[in-house]
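S.K.: Next comes query03.tsv, TSV, C-alpha atoms:
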chain	number	residue	atom	x	y	z
A	1	MET	CA	139.19	-110.42	-36.35
A	2	VAL	CA	142.80	-111.52	-36.04
A	3	HIS	CA	145.17	-108.85	-37.37
A	4	TYR	CA	148.77	-107.68	-36.98
A	5	GLY	CA	147.79	-105.54	-33.98
A	6	HIS	CA	146.88	-108.73	-32.12
A	7	SER	CA	150.10	-110.37	-33.32
A	8	ASN	CA	152.11	-107.46	-31.96
A	9	GLN	CA	150.44	-107.80	-28.55
A	10	LEU	CA	151.19	-111.52	-28.52
A	11	ARG	CA	154.82	-110.80	-29.46
A	12	GLN	CA	155.09	-108.43	-26.48
A	13	ALA	CA	153.33	-110.91	-24.18
A	14	LYS	CA	155.70	-113.72	-25.16
A	15	ALA	CA	158.66	-111.49	-24.24
A	16	MET	CA	157.30	-111.26	-20.67
A	17	GLY	CA	157.51	-115.00	-20.02
A	18	ASP	CA	158.57	-118.41	-21.29
A	19	TYR	CA	155.34	-119.99	-22.52
A	20	LEU	CA	152.40	-118.17	-24.09
A	21	ILE	CA	148.85	-119.54	-23.79
A	22	VAL	CA	146.19	-117.62	-25.69
A	23	GLY	CA	142.52	-117.89	-24.78
A	24	VAL	CA	140.16	-117.43	-27.74
A	25	HIS	CA	136.47	-116.70	-27.13
A	26	THR	CA	133.53	-118.42	-28.80
A	27	ASP	CA	131.31	-116.70	-31.35
A	28	SER	CA	128.44	-116.56	-28.84
A	29	GLU	CA	130.59	-114.85	-26.18
A	30	ILE	CA	131.84	-112.24	-28.65
A	31	SER	CA	128.33	-111.62	-30.01
A	32	LYS	CA	127.02	-111.15	-26.48
A	33	HIS	CA	129.67	-108.68	-25.28
A	34	LYS	CA	130.93	-106.94	-28.43
A	35	GLY	CA	128.84	-107.77	-31.48
A	36	PRO	CA	129.12	-110.12	-34.48
A	37	PRO	CA	132.61	-111.57	-35.07
A	38	VAL	CA	134.15	-111.25	-38.56
A	39	PHE	CA	135.78	-114.71	-38.45
A	40	THR	CA	134.17	-117.85	-37.00
A	41	GLN	CA	135.58	-119.32	-33.82
A	42	GLU	CA	137.13	-122.25	-35.72
A	43	GLU	CA	138.84	-119.81	-38.08
A	44	ARG	CA	140.13	-117.76	-35.16
A	45	TYR	CA	141.42	-120.81	-33.27
A	46	LYS	CA	143.51	-121.86	-36.26
A	47	MET	CA	144.68	-118.34	-37.09
A	48	VAL	CA	145.93	-117.73	-33.55
A	49	ARG	CA	147.76	-121.09	-33.58
A	50	ALA	CA	149.53	-119.93	-36.75
A	51	ILE	CA	151.02	-116.86	-35.02
A	52	LYS	CA	154.64	-117.71	-34.34
A	53	TRP	CA	154.79	-116.46	-30.74
A	54	VAL	CA	151.89	-118.63	-29.58
A	55	ASP	CA	152.65	-121.90	-27.75
A	56	GLU	CA	149.13	-123.05	-26.93
A	57	VAL	CA	145.51	-122.04	-27.59
A	58	VAL	CA	142.60	-122.44	-25.18
A	59	GLU	CA	139.42	-122.79	-27.21
A	60	GLY	CA	136.24	-121.27	-25.81
A	61	ALA	CA	138.01	-119.20	-23.16
A	62	PRO	CA	135.64	-117.28	-20.85
A	63	TYR	CA	135.16	-113.62	-21.76
A	64	VAL	CA	135.87	-112.55	-18.17
A	65	THR	CA	139.32	-113.69	-17.04
A	66	THR	CA	139.32	-114.91	-13.43
A	67	LEU	CA	141.93	-116.25	-11.03
A	68	GLU	CA	140.30	-119.65	-11.44
A	69	THR	CA	141.05	-119.54	-15.19
A	70	LEU	CA	144.70	-118.58	-14.60
A	71	ASP	CA	145.15	-121.37	-12.05
A	72	LYS	CA	143.44	-123.93	-14.29
A	73	TYR	CA	146.07	-123.41	-17.01
A	74	ASN	CA	148.99	-122.86	-14.59
A	75	CYS	CA	149.47	-119.24	-15.65
A	76	ASP	CA	151.46	-116.87	-13.47
A	77	PHE	CA	149.73	-113.82	-14.93
A	78	CYS	CA	147.68	-112.64	-17.89
A	79	VAL	CA	148.53	-109.95	-20.44
A	80	HIS	CA	146.33	-107.55	-22.37
A	81	GLY	CA	146.82	-104.38	-24.37
A	82	ASP	CA	146.48	-100.93	-22.80
A	83	ASP	CA	142.95	-100.61	-24.20
A	84	ILE	CA	140.12	-101.63	-21.92
A	85	THR	CA	137.88	-104.67	-22.55
A	86	LEU	CA	134.35	-104.42	-21.24
A	87	THR	CA	131.49	-106.86	-20.70
A	88	VAL	CA	128.04	-106.22	-22.12
A	89	ASP	CA	127.14	-104.32	-18.93
A	90	GLY	CA	130.29	-102.17	-19.03
A	91	LYS	CA	132.49	-103.97	-16.47
A	92	ASP	CA	136.25	-104.46	-16.88
A	93	THR	CA	136.83	-108.10	-17.88
A	94	TYR	CA	140.21	-108.12	-16.09
A	95	GLU	CA	139.08	-106.49	-12.83
A	96	GLU	CA	139.66	-109.59	-10.65
A	97	VAL	CA	143.16	-110.40	-11.92
A	98	LYS	CA	144.16	-106.73	-11.78
A	99	LYS	CA	143.23	-106.51	-8.10
A	100	SER	CA	145.24	-109.66	-7.35
A	101	GLY	CA	148.39	-108.33	-9.05
A	102	ARG	CA	148.36	-111.02	-11.75
A	103	TYR	CA	147.82	-108.68	-14.68
A	104	ARG	CA	150.39	-107.22	-17.09
A	105	GLU	CA	149.88	-104.71	-19.85
A	106	CYS	CA	151.46	-104.19	-23.26
A	107	LYS	CA	151.16	-101.37	-25.77
A	108	ARG	CA	148.39	-101.61	-28.34
A	109	THR	CA	149.44	-101.08	-31.95
A	110	GLN	CA	148.53	-97.60	-33.12
A	111	GLY	CA	146.69	-97.29	-36.41
A	112	VAL	CA	144.81	-100.60	-36.48
A	113	SER	CA	141.69	-102.01	-34.90
A	114	THR	CA	138.95	-104.38	-35.97
A	115	THR	CA	136.64	-101.36	-35.97
A	116	ASP	CA	138.85	-99.54	-38.46
A	117	LEU	CA	139.29	-102.55	-40.74
A	118	VAL	CA	135.54	-103.17	-40.81
A	119	GLY	CA	135.07	-99.52	-41.71
A	120	ARG	CA	137.57	-99.79	-44.56
A	121	MET	CA	135.70	-102.78	-45.98
A	122	LEU	CA	132.41	-100.90	-45.91
A	123	LEU	CA	133.88	-97.71	-47.32
A	124	MET	CA	134.71	-99.10	-50.78
A	125	THR	CA	137.19	-96.35	-51.64
A	126	LYS	CA	140.99	-96.28	-51.82
A	127	ALA	CA	141.36	-93.53	-49.19
A	128	HIS	CA	142.79	-95.90	-46.59
A	129	HIS	CA	145.97	-96.45	-48.62
A	130	SER	CA	146.25	-93.15	-50.50
A	131	ASN	CA	144.94	-90.12	-48.61
A	132	ILE	CA	143.75	-90.32	-45.03
A	133	ASP	CA	142.54	-86.69	-45.16
A	134	SER	CA	139.96	-87.31	-47.89
A	135	SER	CA	136.29	-86.53	-47.21
A	136	ASP	CA	135.39	-90.22	-47.62
A	137	TYR	CA	137.90	-91.22	-44.98
A	138	GLN	CA	136.65	-88.51	-42.61
A	139	GLU	CA	133.13	-89.88	-43.06
A	140	HIS	CA	134.55	-93.32	-42.19
A	141	THR	CA	136.02	-91.94	-38.95
A	142	ASP	CA	132.64	-90.39	-38.11
A	143	ASN	CA	130.86	-93.73	-38.52
A	144	PHE	CA	133.47	-96.05	-37.04
A	145	GLY	CA	135.09	-94.24	-34.11
A	146	LYS	CA	135.99	-90.56	-34.29
A	147	LYS	CA	139.45	-89.35	-33.43
A	148	GLY	CA	139.43	-87.90	-29.96
A	149	HIS	CA	136.41	-89.85	-28.69
A	150	SER	CA	137.54	-93.25	-27.49
A	151	PRO	CA	141.34	-93.65	-27.72
A	152	TRP	CA	140.85	-97.41	-28.03
A	153	THR	CA	138.37	-97.42	-30.90
A	154	GLY	CA	139.34	-94.21	-32.73
A	155	VAL	CA	141.11	-94.28	-36.06
A	156	SER	CA	144.72	-93.22	-36.54
A	157	GLN	CA	147.20	-93.84	-39.32
A	158	PHE	CA	149.57	-96.79	-39.03
A	159	LEU	CA	153.19	-95.73	-39.42
A	160	GLN	CA	155.66	-98.44	-40.32
A	161	THR	CA	159.17	-98.38	-38.82
A	162	SER	CA	162.28	-100.44	-39.44
A	163	GLN	CA	162.24	-101.44	-35.77
A	164	LYS	CA	158.76	-102.93	-36.09
A	165	ILE	CA	159.82	-105.01	-39.09
A	166	ILE	CA	162.89	-106.25	-37.21
A	167	GLN	CA	160.71	-107.24	-34.23
A	168	PHE	CA	158.44	-109.30	-36.50
A	169	ALA	CA	161.10	-110.78	-38.80
A	170	SER	CA	162.72	-114.15	-38.09
A	171	GLY	CA	166.18	-112.84	-39.00
A	172	GLN	CA	167.15	-116.30	-40.22
A	173	GLU	CA	168.98	-116.91	-43.50
A	174	PRO	CA	168.39	-120.10	-45.53
A	175	GLN	CA	170.51	-122.97	-44.25
A	176	PRO	CA	172.20	-125.77	-46.24
A	177	GLY	CA	169.59	-128.38	-47.09
A	178	ASP	CA	166.67	-125.94	-46.95
A	179	THR	CA	164.15	-126.01	-49.78
A	180	ILE	CA	163.59	-122.38	-50.77
A	181	ILE	CA	159.96	-121.90	-51.77
A	182	TYR	CA	158.61	-118.67	-53.25
A	183	VAL	CA	154.96	-117.59	-53.19
A	184	ALA	CA	153.56	-114.20	-54.18
A	185	GLY	CA	150.35	-112.25	-53.87
A	186	ALA	CA	148.46	-109.53	-52.00
A	187	PHE	CA	147.79	-111.50	-48.79
A	188	ASP	CA	145.26	-108.81	-47.93
A	189	LEU	CA	143.30	-109.03	-44.64
A	190	PHE	CA	145.50	-112.02	-43.77
A	191	HIS	CA	142.99	-114.79	-43.06
A	192	ILE	CA	142.54	-118.53	-42.60
A	193	GLY	CA	142.62	-119.14	-46.37
A	194	HIS	CA	146.16	-117.70	-46.44
A	195	VAL	CA	147.15	-119.70	-43.35
A	196	ASP	CA	145.91	-122.98	-44.84
A	197	PHE	CA	147.73	-122.26	-48.10
A	198	LEU	CA	151.04	-121.44	-46.37
A	199	GLU	CA	150.69	-124.49	-44.11
A	200	ALA	CA	150.17	-126.70	-47.19
A	201	VAL	CA	153.21	-125.15	-48.86
A	202	HIS	CA	155.23	-125.67	-45.67
A	203	LYS	CA	154.42	-129.40	-45.78
A	204	LEU	CA	155.92	-129.78	-49.27
A	205	ALA	CA	159.48	-130.02	-47.95
A	206	GLU	CA	161.30	-131.47	-44.96
A	207	LYS	CA	163.14	-128.18	-44.34
A	208	PRO	CA	161.09	-125.45	-46.03
A	209	TYR	CA	162.23	-121.82	-46.21
A	210	ILE	CA	159.21	-119.89	-47.45
A	211	ILE	CA	159.65	-116.47	-49.01
A	212	VAL	CA	156.46	-114.45	-49.54
A	213	GLY	CA	156.51	-111.77	-52.23
A	214	LEU	CA	154.06	-108.96	-51.43
A	215	HIS	CA	152.88	-106.75	-54.27
A	216	PHE	CA	152.73	-102.98	-53.80
A	217	ASP	CA	149.30	-101.40	-53.24
A	218	GLN	CA	149.07	-99.93	-56.75
A	219	GLU	CA	149.81	-103.32	-58.28
A	220	VAL	CA	147.17	-105.05	-56.15
A	221	ASN	CA	144.62	-102.41	-57.08
A	222	ARG	CA	145.45	-102.89	-60.77
A	223	TYR	CA	144.46	-106.55	-60.77
A	224	LYS	CA	141.92	-106.60	-57.92
A	225	GLY	CA	140.19	-103.24	-58.49
A	226	LYS	CA	137.55	-101.68	-56.20
A	227	ASN	CA	139.11	-100.51	-52.93
A	228	TYR	CA	141.72	-103.25	-52.72
A	229	PRO	CA	144.00	-103.70	-50.93
A	230	ILE	CA	142.12	-103.12	-47.68
A	231	MET	CA	145.48	-103.14	-45.85
A	232	ASN	CA	148.44	-101.22	-47.23
A	233	VAL	CA	151.72	-102.97	-47.98
A	234	HIS	CA	153.24	-102.05	-44.59
A	235	GLU	CA	150.33	-103.63	-42.73
A	236	ARG	CA	150.34	-106.68	-44.97
A	237	THR	CA	154.07	-107.12	-44.34
A	238	LEU	CA	153.58	-107.45	-40.56
A	239	SER	CA	150.55	-109.71	-41.02
A	240	VAL	CA	152.55	-112.19	-43.11
A	241	LEU	CA	155.75	-111.98	-41.02
A	242	ALA	CA	153.76	-112.98	-37.92
A	243	CYS	CA	152.86	-116.34	-39.50
A	244	ARG	CA	154.95	-119.26	-38.23
A	245	TYR	CA	155.21	-120.80	-41.72
A	246	VAL	CA	156.90	-117.72	-43.25
A	247	SER	CA	160.67	-117.22	-43.21
A	248	GLU	CA	161.06	-114.01	-45.24
A	249	VAL	CA	159.00	-111.33	-47.00
A	250	VAL	CA	159.86	-109.39	-50.15
A	251	ILE	CA	158.20	-105.98	-49.76
A	252	GLY	CA	157.00	-104.73	-53.13
A	253	ALA	CA	157.83	-107.89	-55.08
A	254	PRO	CA	157.66	-107.69	-58.88
A	255	PHE	CA	154.40	-109.02	-60.29
A	256	ALA	CA	156.19	-111.32	-62.73
A	257	VAL	CA	158.30	-114.07	-61.17
A	258	THR	CA	161.42	-113.42	-63.24
A	259	LYS	CA	164.65	-115.32	-63.78
A	260	ASP	CA	166.50	-112.61	-61.85
A	261	LEU	CA	164.21	-113.08	-58.83
A	262	LEU	CA	164.55	-116.87	-58.92
A	263	ASP	CA	168.34	-116.65	-59.20
A	264	HIS	CA	168.66	-113.94	-56.54
A	265	PHE	CA	166.85	-116.00	-53.89
A	266	LYS	CA	168.05	-119.36	-55.21
A	267	VAL	CA	164.43	-120.53	-55.42
A	268	ASP	CA	163.83	-124.29	-55.66
A	269	LEU	CA	160.06	-124.20	-55.96
A	270	VAL	CA	157.36	-121.62	-56.80
A	271	CYS	CA	153.85	-122.23	-55.49
A	272	HIS	CA	150.45	-120.75	-56.27
A	273	GLY	CA	147.01	-121.58	-54.92
A	274	LYS	CA	144.00	-122.62	-56.95
A	275	THR	CA	142.85	-119.01	-57.23
A	276	GLU	CA	142.95	-117.18	-60.56
A	277	ILE	CA	146.36	-116.11	-61.91
A	278	TYR	CA	145.97	-112.53	-63.15
A	279	PRO	CA	147.94	-111.55	-66.28
A	280	ASP	CA	150.71	-108.95	-66.17
A	281	LYS	CA	150.16	-105.43	-67.57
A	282	ASP	CA	151.13	-106.59	-71.06
A	283	GLY	CA	148.86	-109.61	-70.86
A	284	SER	CA	151.71	-112.09	-70.30
A	285	ASP	CA	151.79	-114.95	-67.79
A	286	PRO	CA	153.59	-113.76	-64.62
A	287	TYR	CA	154.58	-117.37	-63.90
A	288	ALA	CA	156.01	-118.10	-67.36
A	289	GLU	CA	159.61	-118.46	-66.10
A	290	PRO	CA	159.00	-120.93	-63.21
A	291	ARG	CA	156.60	-122.77	-65.51
A	292	ARG	CA	159.34	-123.03	-68.16
A	293	LYS	CA	161.82	-124.31	-65.57
A	294	GLY	CA	159.35	-126.92	-64.29
A	295	ILE	CA	159.37	-125.58	-60.72
A	296	LEU	CA	155.82	-124.17	-60.57
A	297	ARG	CA	153.39	-126.10	-58.42
A	298	THR	CA	149.68	-125.51	-57.84
A	299	VAL	CA	148.82	-126.12	-54.20
A	300	ASP	CA	145.31	-127.03	-53.09
A	301	SER	CA	144.94	-125.94	-49.47
A	302	GLY	CA	141.40	-127.29	-49.26
A	303	ASN	CA	140.18	-123.83	-48.23
A	304	SER	CA	138.35	-121.62	-50.72
A	305	LEU	CA	138.01	-118.56	-48.46
A	306	THR	CA	139.09	-115.32	-50.14
A	307	THR	CA	139.46	-111.70	-49.11
A	308	ASP	CA	136.40	-110.95	-51.28
A	309	ALA	CA	134.34	-113.42	-49.25
A	310	ILE	CA	135.32	-111.72	-45.98
A	311	VAL	CA	134.36	-108.31	-47.35
A	312	GLN	CA	131.01	-109.76	-48.41
A	313	ARG	CA	130.45	-111.02	-44.85
A	314	ILE	CA	130.87	-107.47	-43.61
A	315	ILE	CA	128.68	-105.87	-46.26
A	316	LYS	CA	125.94	-108.46	-45.74
A	317	ASN	CA	125.79	-107.58	-42.03
A	318	ARG	CA	126.54	-103.87	-42.39
A	319	LEU	CA	123.92	-102.62	-39.93
A	320	LEU	CA	125.00	-105.15	-37.30
A	321	PHE	CA	128.64	-104.10	-37.60
A	322	GLU	CA	127.80	-100.38	-37.50
A	323	ALA	CA	125.77	-100.97	-34.34
A	324	ARG	CA	128.61	-103.07	-32.89
A	325	ASN	CA	131.19	-100.32	-33.41
A	326	GLN	CA	128.96	-97.55	-32.05
A	327	LYS	CA	127.97	-99.60	-28.97
A	328	LYS	CA	131.59	-100.51	-28.27
A	329	GLU	CA	132.72	-96.89	-28.39
A	330	ALA	CA	129.81	-95.70	-26.24
A	331	LYS	CA	130.82	-98.17	-23.48
A	332	GLU	CA	134.45	-97.04	-23.70
A	333	ILE	CA	133.53	-93.35	-23.48
A	334	ALA	CA	131.42	-94.04	-20.38
A	335	VAL	CA	134.41	-95.72	-18.71
A	336	ILE	CA	136.74	-92.84	-19.66
A	337	GLN	CA	134.31	-90.31	-18.18
A	338	ALA	CA	134.02	-92.35	-14.96
A	339	MET	CA	137.82	-92.58	-14.70
A	340	LYS	CA	138.06	-88.82	-15.23
A	341	ARG	CA	135.51	-88.14	-12.47
A	342	GLN	CA	137.40	-90.43	-10.07
A	343	GLU	CA	140.65	-88.59	-10.81
A	344	GLU	CA	138.98	-85.21	-10.24
A	345	GLU	CA	137.57	-86.40	-6.90
A	346	LYS	CA	141.02	-87.65	-5.81
A	347	THR	CA	142.55	-84.30	-6.78
A	348	LYS	CA	139.93	-82.45	-4.69
A	349	GLU	CA	140.56	-84.74	-1.71
A	350	ARG	CA	144.32	-84.14	-1.93
A	351	ALA	CA	143.76	-80.39	-2.12
A	352	GLN	CA	141.48	-80.45	0.94
A	353	ALA	CA	144.01	-82.55	2.86
A	354	VAL	CA	146.70	-79.92	2.22
A	355	LEU	CA	144.37	-77.16	3.46
Written as C-alpha cells, how would this file's structure read?
M.R.:
Amino acid sequence: MVHYGHSNQLRQAKAMGDYLIVGVHTDSEISKHKGPPVFTQEERYKMVRAIKWVDEVVEGAPYVTTLETLDKYNCDFCVHGDDITLTVDGKDTYEEVKKSGRYRECKRTQGVSTTDLVGRMLLMTKAHHSNIDSSDYQEHTDNFGKKGHSPWTGVSQFLQTSQKIIQFASGQEPQPGDTIIYVAGAFDLFHIGHVDFLEAVHKLAEKPYIIVGLHFDQEVNRYKGKNYPIMNVHERTLSVLACRYVSEVVIGAPFAVTKDLLDHFKVDLVCHGKTEIYPDKDGSDPYAEPRRKGILRTVDSGNSLTTDAIVQRIIKNRLLFEARNQKKEAKEIAVIQAMKRQEEEKTKERAQAVL
C-alpha cells in the first residue's frame, strides 16, 4: 500500500538532501518477497508521484538496493525507515549499502502499517476508530501482528500531534489571483481514485488553491455504514495533506456545504466526483447552496476506483493476506532473535576481555 506512514518517511528523507528519487517495486517483486500487493504497480507509481516531497520515481526498482543502483541514478545515499526489510530468504535488502556507509535511516511512523490497515479491512468492525481495547481489536492484533512480537509489524495506536500536522501542511495562504476550490468527503484509505480526482480538480484553474473538507468519523460512518472509515480523521488528514494537489484541509468539515463555509474560505468553485452524493441527516441536498450559486461542478477523473473496491480486493484474497502478514512477522522475529544472540555474544566477549 501507499499510506501516510510512507509519506512521513519520504518527508524525512527529503529533509536529508536536495532531490528525492523514490524506487517503487513491481508487483512480481513484492509478491515474491512479501506477499500480494494491495495496489497494482501502476497505481503505486502514480500515488508516489503525487506525494509532494517526491521529485522523481524509478519504476520497477530492484527489491535489493545495491551500490550499482545508487550510482545508476546518481544518488549519494539511500534512506529507509528504522524497520528492517527482508528478502524472501530473510536477508537485509540494504546490507550492501549499509556496509559502504551510503545508508541513512529515518523514524517509522508509529501506529500505522500495511499489515494493520489490511487487518482493519478484514475486521469489519468500528473498533479501529472507537475503542482499541475491544475484544475484536485484540483478535485483530492476534491475527495481524501481536504487540510485543515484531516491533515493525505489531499494532499500536496512532496519536496525532499538532507538530505532525505542521510538518505535513503547506502553510501557504491563498494568494491574489488564486482560484479557491473546495471539495469534501471521507478520503478514506487515500488511493489512486482520490489522486486522479484531485489532479483533475487541480487542472480546472491556472492557479488552483484546493481546500479539502474531511468529515468526522461518525459522519462518515453515518453515510457509509459498515466499519467505515477504515482510517480515523487524524490519519485521513495526514494522507490528504501529503498530496501535492492539496493546499489546505478542514478537519471535521460540516457535511453540508453552507453559505457560511463558502464565505469563510472565499470559495470560487465547489467540486464533486461522479460518485453518489449522500443526503444530509434531514434528507436535504448537502450541495444545495453551491448548486444555487452556480459554482458546483461535477468532475470526471476517469477513475472509478473506490474505497469499497479496495476493501473487496482484500476480502477476496483474505487467506493470501493473512499468510503474507504471518510470514512477514516470522521473518522479522527471526532477525530480532539473531540480533539479540549477536549482542549477547559481544557482551560475553567484552566480559572475558576484562577478566
S.K.: Which protein, DNA or RNA residues have an atom at most 12 Å from (148.7, -117.9, -23.4), counting all atoms listed in the file? List them as a short mmCIF file (atom, residue, chain, number, x, y, z; two decimals) with C-alpha atoms, keeping the file's coordinate frame.
M.R.:
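File produced: point_14.cif:
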data_model
loop_
_atom_site.label_atom_id
_atom_site.label_comp_id
_atom_site.auth_asym_id
_atom_site.auth_seq_id
_atom_site.Cartn_x
_atom_site.Cartn_y
_atom_site.Cartn_z
CA GLN A 9 150.44 -107.80 -28.55
CA LEU A 10 151.19 -111.52 -28.52
CA ARG A 11 154.82 -110.80 -29.46
CA GLN A 12 155.09 -108.43 -26.48
CA ALA A 13 153.33 -110.91 -24.18
CA LYS A 14 155.70 -113.72 -25.16
CA ALA A 15 158.66 -111.49 -24.24
CA MET A 16 157.30 -111.26 -20.67
CA GLY A 17 157.51 -115.00 -20.02
CA ASP A 18 158.57 -118.41 -21.29
CA TYR A 19 155.34 -119.99 -22.52
CA LEU A 20 152.40 -118.17 -24.09
CA ILE A 21 148.85 -119.54 -23.79
CA VAL A 22 146.19 -117.62 -25.69
CA GLY A 23 142.52 -117.89 -24.78
CA VAL A 24 140.16 -117.43 -27.74
CA VAL A 48 145.93 -117.73 -33.55
CA ARG A 49 147.76 -121.09 -33.58
CA ILE A 51 151.02 -116.86 -35.02
CA TRP A 53 154.79 -116.46 -30.74
CA VAL A 54 151.89 -118.63 -29.58
CA ASP A 55 152.65 -121.90 -27.75
CA GLU A 56 149.13 -123.05 -26.93
CA VAL A 57 145.51 -122.04 -27.59
CA VAL A 58 142.60 -122.44 -25.18
CA GLU A 59 139.42 -122.79 -27.21
CA ALA A 61 138.01 -119.20 -23.16
CA THR A 69 141.05 -119.54 -15.19
CA LEU A 70 144.70 -118.58 -14.60
CA TYR A 73 146.07 -123.41 -17.01
CA ASN A 74 148.99 -122.86 -14.59
CA CYS A 75 149.47 -119.24 -15.65
CA ASP A 76 151.46 -116.87 -13.47
CA PHE A 77 149.73 -113.82 -14.93
CA CYS A 78 147.68 -112.64 -17.89
CA VAL A 79 148.53 -109.95 -20.44
CA HIS A 80 146.33 -107.55 -22.37
#
S.K.: Let me make sure I understand: among A:Ala50, A:Leu204, A:Gly283, A:Ser247, which one has the smallest atom-to-atom distance to Thr298 of chain A if we use all atoms listed in the file?
M.R.: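 Closest candidate: A:Leu204.
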S.K.: Calculate how many Å separate atom CA of Asp92 of chain A from atom CA of Lys46 of chain A, rounding to one decimal.
M.R.: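 For atom CA of Asp92 of chain A relative to atom CA of Lys46 of chain A, the distance reads 27.0 Å.
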S.K.: Tell me, as a ChimeraX atom specification, which residues lie within 12 Å of Pro176 of chain A, counting all atoms listed in the file; anything in the same chain fewer than 6 positions away does not count.
M.R.: /A:207-209,266
S.K.: Take the selection from the previous step and output its residues with C-alpha atoms, as an mmCIF file, in the coordinates of the input.
M.R.:
data_model
loop_
_atom_site.group_PDB
_atom_site.id
_atom_site.type_symbol
_atom_site.label_atom_id
_atom_site.label_comp_id
_atom_site.auth_asym_id
_atom_site.auth_seq_id
_atom_site.Cartn_x
_atom_site.Cartn_y
_atom_site.Cartn_z
ATOM 1 C CA LYS A 207 163.140 -128.180 -44.340
ATOM 2 C CA PRO A 208 161.090 -125.450 -46.030
ATOM 3 C CA TYR A 209 162.230 -121.820 -46.210
ATOM 4 C CA LYS A 266 168.050 -119.360 -55.210
#
S.K.: Can you list, as a PDB file with C-alpha atoms, in the coordinates of the input, every protein, DNA or RNA residue that comes within 12 Å of segment 219-222 of chain A when you count all atoms listed in the file, leaving out same-chain residues fewer than 4 positions away?
M.R.:
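Result written to selection-v7.pdb:
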ATOM      1  CA  THR A 125     137.190 -96.350 -51.640  1.00  0.00           C
ATOM      2  CA  LYS A 126     140.990 -96.280 -51.820  1.00  0.00           C
ATOM      3  CA  HIS A 129     145.970 -96.450 -48.620  1.00  0.00           C
ATOM      4  CA  SER A 130     146.250 -93.150 -50.500  1.00  0.00           C
ATOM      5  CA  ALA A 184     153.560-114.200 -54.180  1.00  0.00           C
ATOM      6  CA  GLY A 185     150.350-112.250 -53.870  1.00  0.00           C
ATOM      7  CA  ALA A 186     148.460-109.530 -52.000  1.00  0.00           C
ATOM      8  CA  PHE A 187     147.790-111.500 -48.790  1.00  0.00           C
ATOM      9  CA  ASP A 188     145.260-108.810 -47.930  1.00  0.00           C
ATOM     10  CA  LEU A 214     154.060-108.960 -51.430  1.00  0.00           C
ATOM     11  CA  HIS A 215     152.880-106.750 -54.270  1.00  0.00           C
ATOM     12  CA  LYS A 226     137.550-101.680 -56.200  1.00  0.00           C
ATOM     13  CA  ASN A 227     139.110-100.510 -52.930  1.00  0.00           C
ATOM     14  CA  TYR A 228     141.720-103.250 -52.720  1.00  0.00           C
ATOM     15  CA  PRO A 229     144.000-103.700 -50.930  1.00  0.00           C
ATOM     16  CA  ILE A 230     142.120-103.120 -47.680  1.00  0.00           C
ATOM     17  CA  MET A 231     145.480-103.140 -45.850  1.00  0.00           C
ATOM     18  CA  ASN A 232     148.440-101.220 -47.230  1.00  0.00           C
ATOM     19  CA  VAL A 233     151.720-102.970 -47.980  1.00  0.00           C
ATOM     20  CA  ARG A 236     150.340-106.680 -44.970  1.00  0.00           C
ATOM     21  CA  GLY A 252     157.000-104.730 -53.130  1.00  0.00           C
ATOM     22  CA  ALA A 253     157.830-107.890 -55.080  1.00  0.00           C
ATOM     23  CA  PRO A 254     157.660-107.690 -58.880  1.00  0.00           C
ATOM     24  CA  PHE A 255     154.400-109.020 -60.290  1.00  0.00           C
ATOM     25  CA  ALA A 256     156.190-111.320 -62.730  1.00  0.00           C
ATOM     26  CA  TYR A 278     145.970-112.530 -63.150  1.00  0.00           C
ATOM     27  CA  PRO A 279     147.940-111.550 -66.280  1.00  0.00           C
ATOM     28  CA  ASP A 280     150.710-108.950 -66.170  1.00  0.00           C
ATOM     29  CA  LYS A 281     150.160-105.430 -67.570  1.00  0.00           C
TER      30      LYS A 281
END
S.K.: Every residue with an atom at most 10 Å from (149.5, -99.1, -30.6) (file coordinates; all atoms listed in the file) is what I'm after, so could you write them as a PyMOL selection string?
M.R.: chain A and resi 5+8-9+81-83+106-113+152+156+158
S.K.: If I take atom CA of Gly177 of chain A and atom CA of Leu269 of chain A, how far is one from the other in Å, to one decimal?
M.R.: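 Interatomic distance here is 13.7 Å.
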S.K.: Quick one: distance from atom CA of Ile314 of chain A to atom CA of Gln218 of chain A in Å, one decimal?
M.R.: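 Result for atom CA of Ile314 of chain A versus atom CA of Gln218 of chain A: 23.7 Å, one decimal.
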S.K.: For segment 70-85 of chain A, I'd like the enclosing box, axis-aligned and padded by 5 Å on every side, reported as JSON with centre and edge lengths in Å to one decimal.
M.R.:
{"center_x": 144.7, "center_y": -112.3, "center_z": -18.2, "size_x": 23.6, "size_y": 33.3, "size_z": 22.3}
S.K.: Select, from A:Ala353, A:Met339, A:Ala334, A:Val250, the residue with the minimum atom-to-atom distance to Asp89 of chain A, counting all atoms listed in the file.
M.R.: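 Smallest separation from Asp89 of chain A among the options: A:Ala334.
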S.K.: Might you pull out every residue within 12 Å of Asp300 of chain A, with only C-alpha atoms counted and same-chain residues fewer than 6 positions away left off, and present them as a ChimeraX atom specification?
M.R.: /A:193-194,196-201,203-204,271-275
S.K.: Pick the closest to Tyr245 of chain A from A:Leu122, A:Ile336, A:Met47, A:Leu319: which is it, counting all atoms listed in the file?
M.R.: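 Checking each candidate against Tyr245 of chain A, we get A:Met47 as the closest.
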S.K.: Please provide as number ranges by chain all residues within 7 Å of Phe168 of chain A, with the sequence filter that same-chain residues fewer than 5 positions apart are discarded (counting all atoms listed in the file).
M.R.: A: 238, 241-242
S.K.: Compile the contact shell of Glu29 of chain A as a list of chain:residue names: residues with an atom at most 12 Å away, counting only C-alpha atoms, same-chain residues fewer than 5 positions apart removed.
M.R.: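 The filter keeps A:Val24, A:Lys34, A:Gly35, A:Pro36, A:Pro37, A:Thr40, A:Gln41, A:Glu59, A:Gly60, A:Ala61, A:Pro62, A:Tyr63, A:Val64, A:Thr87, A:Val88.
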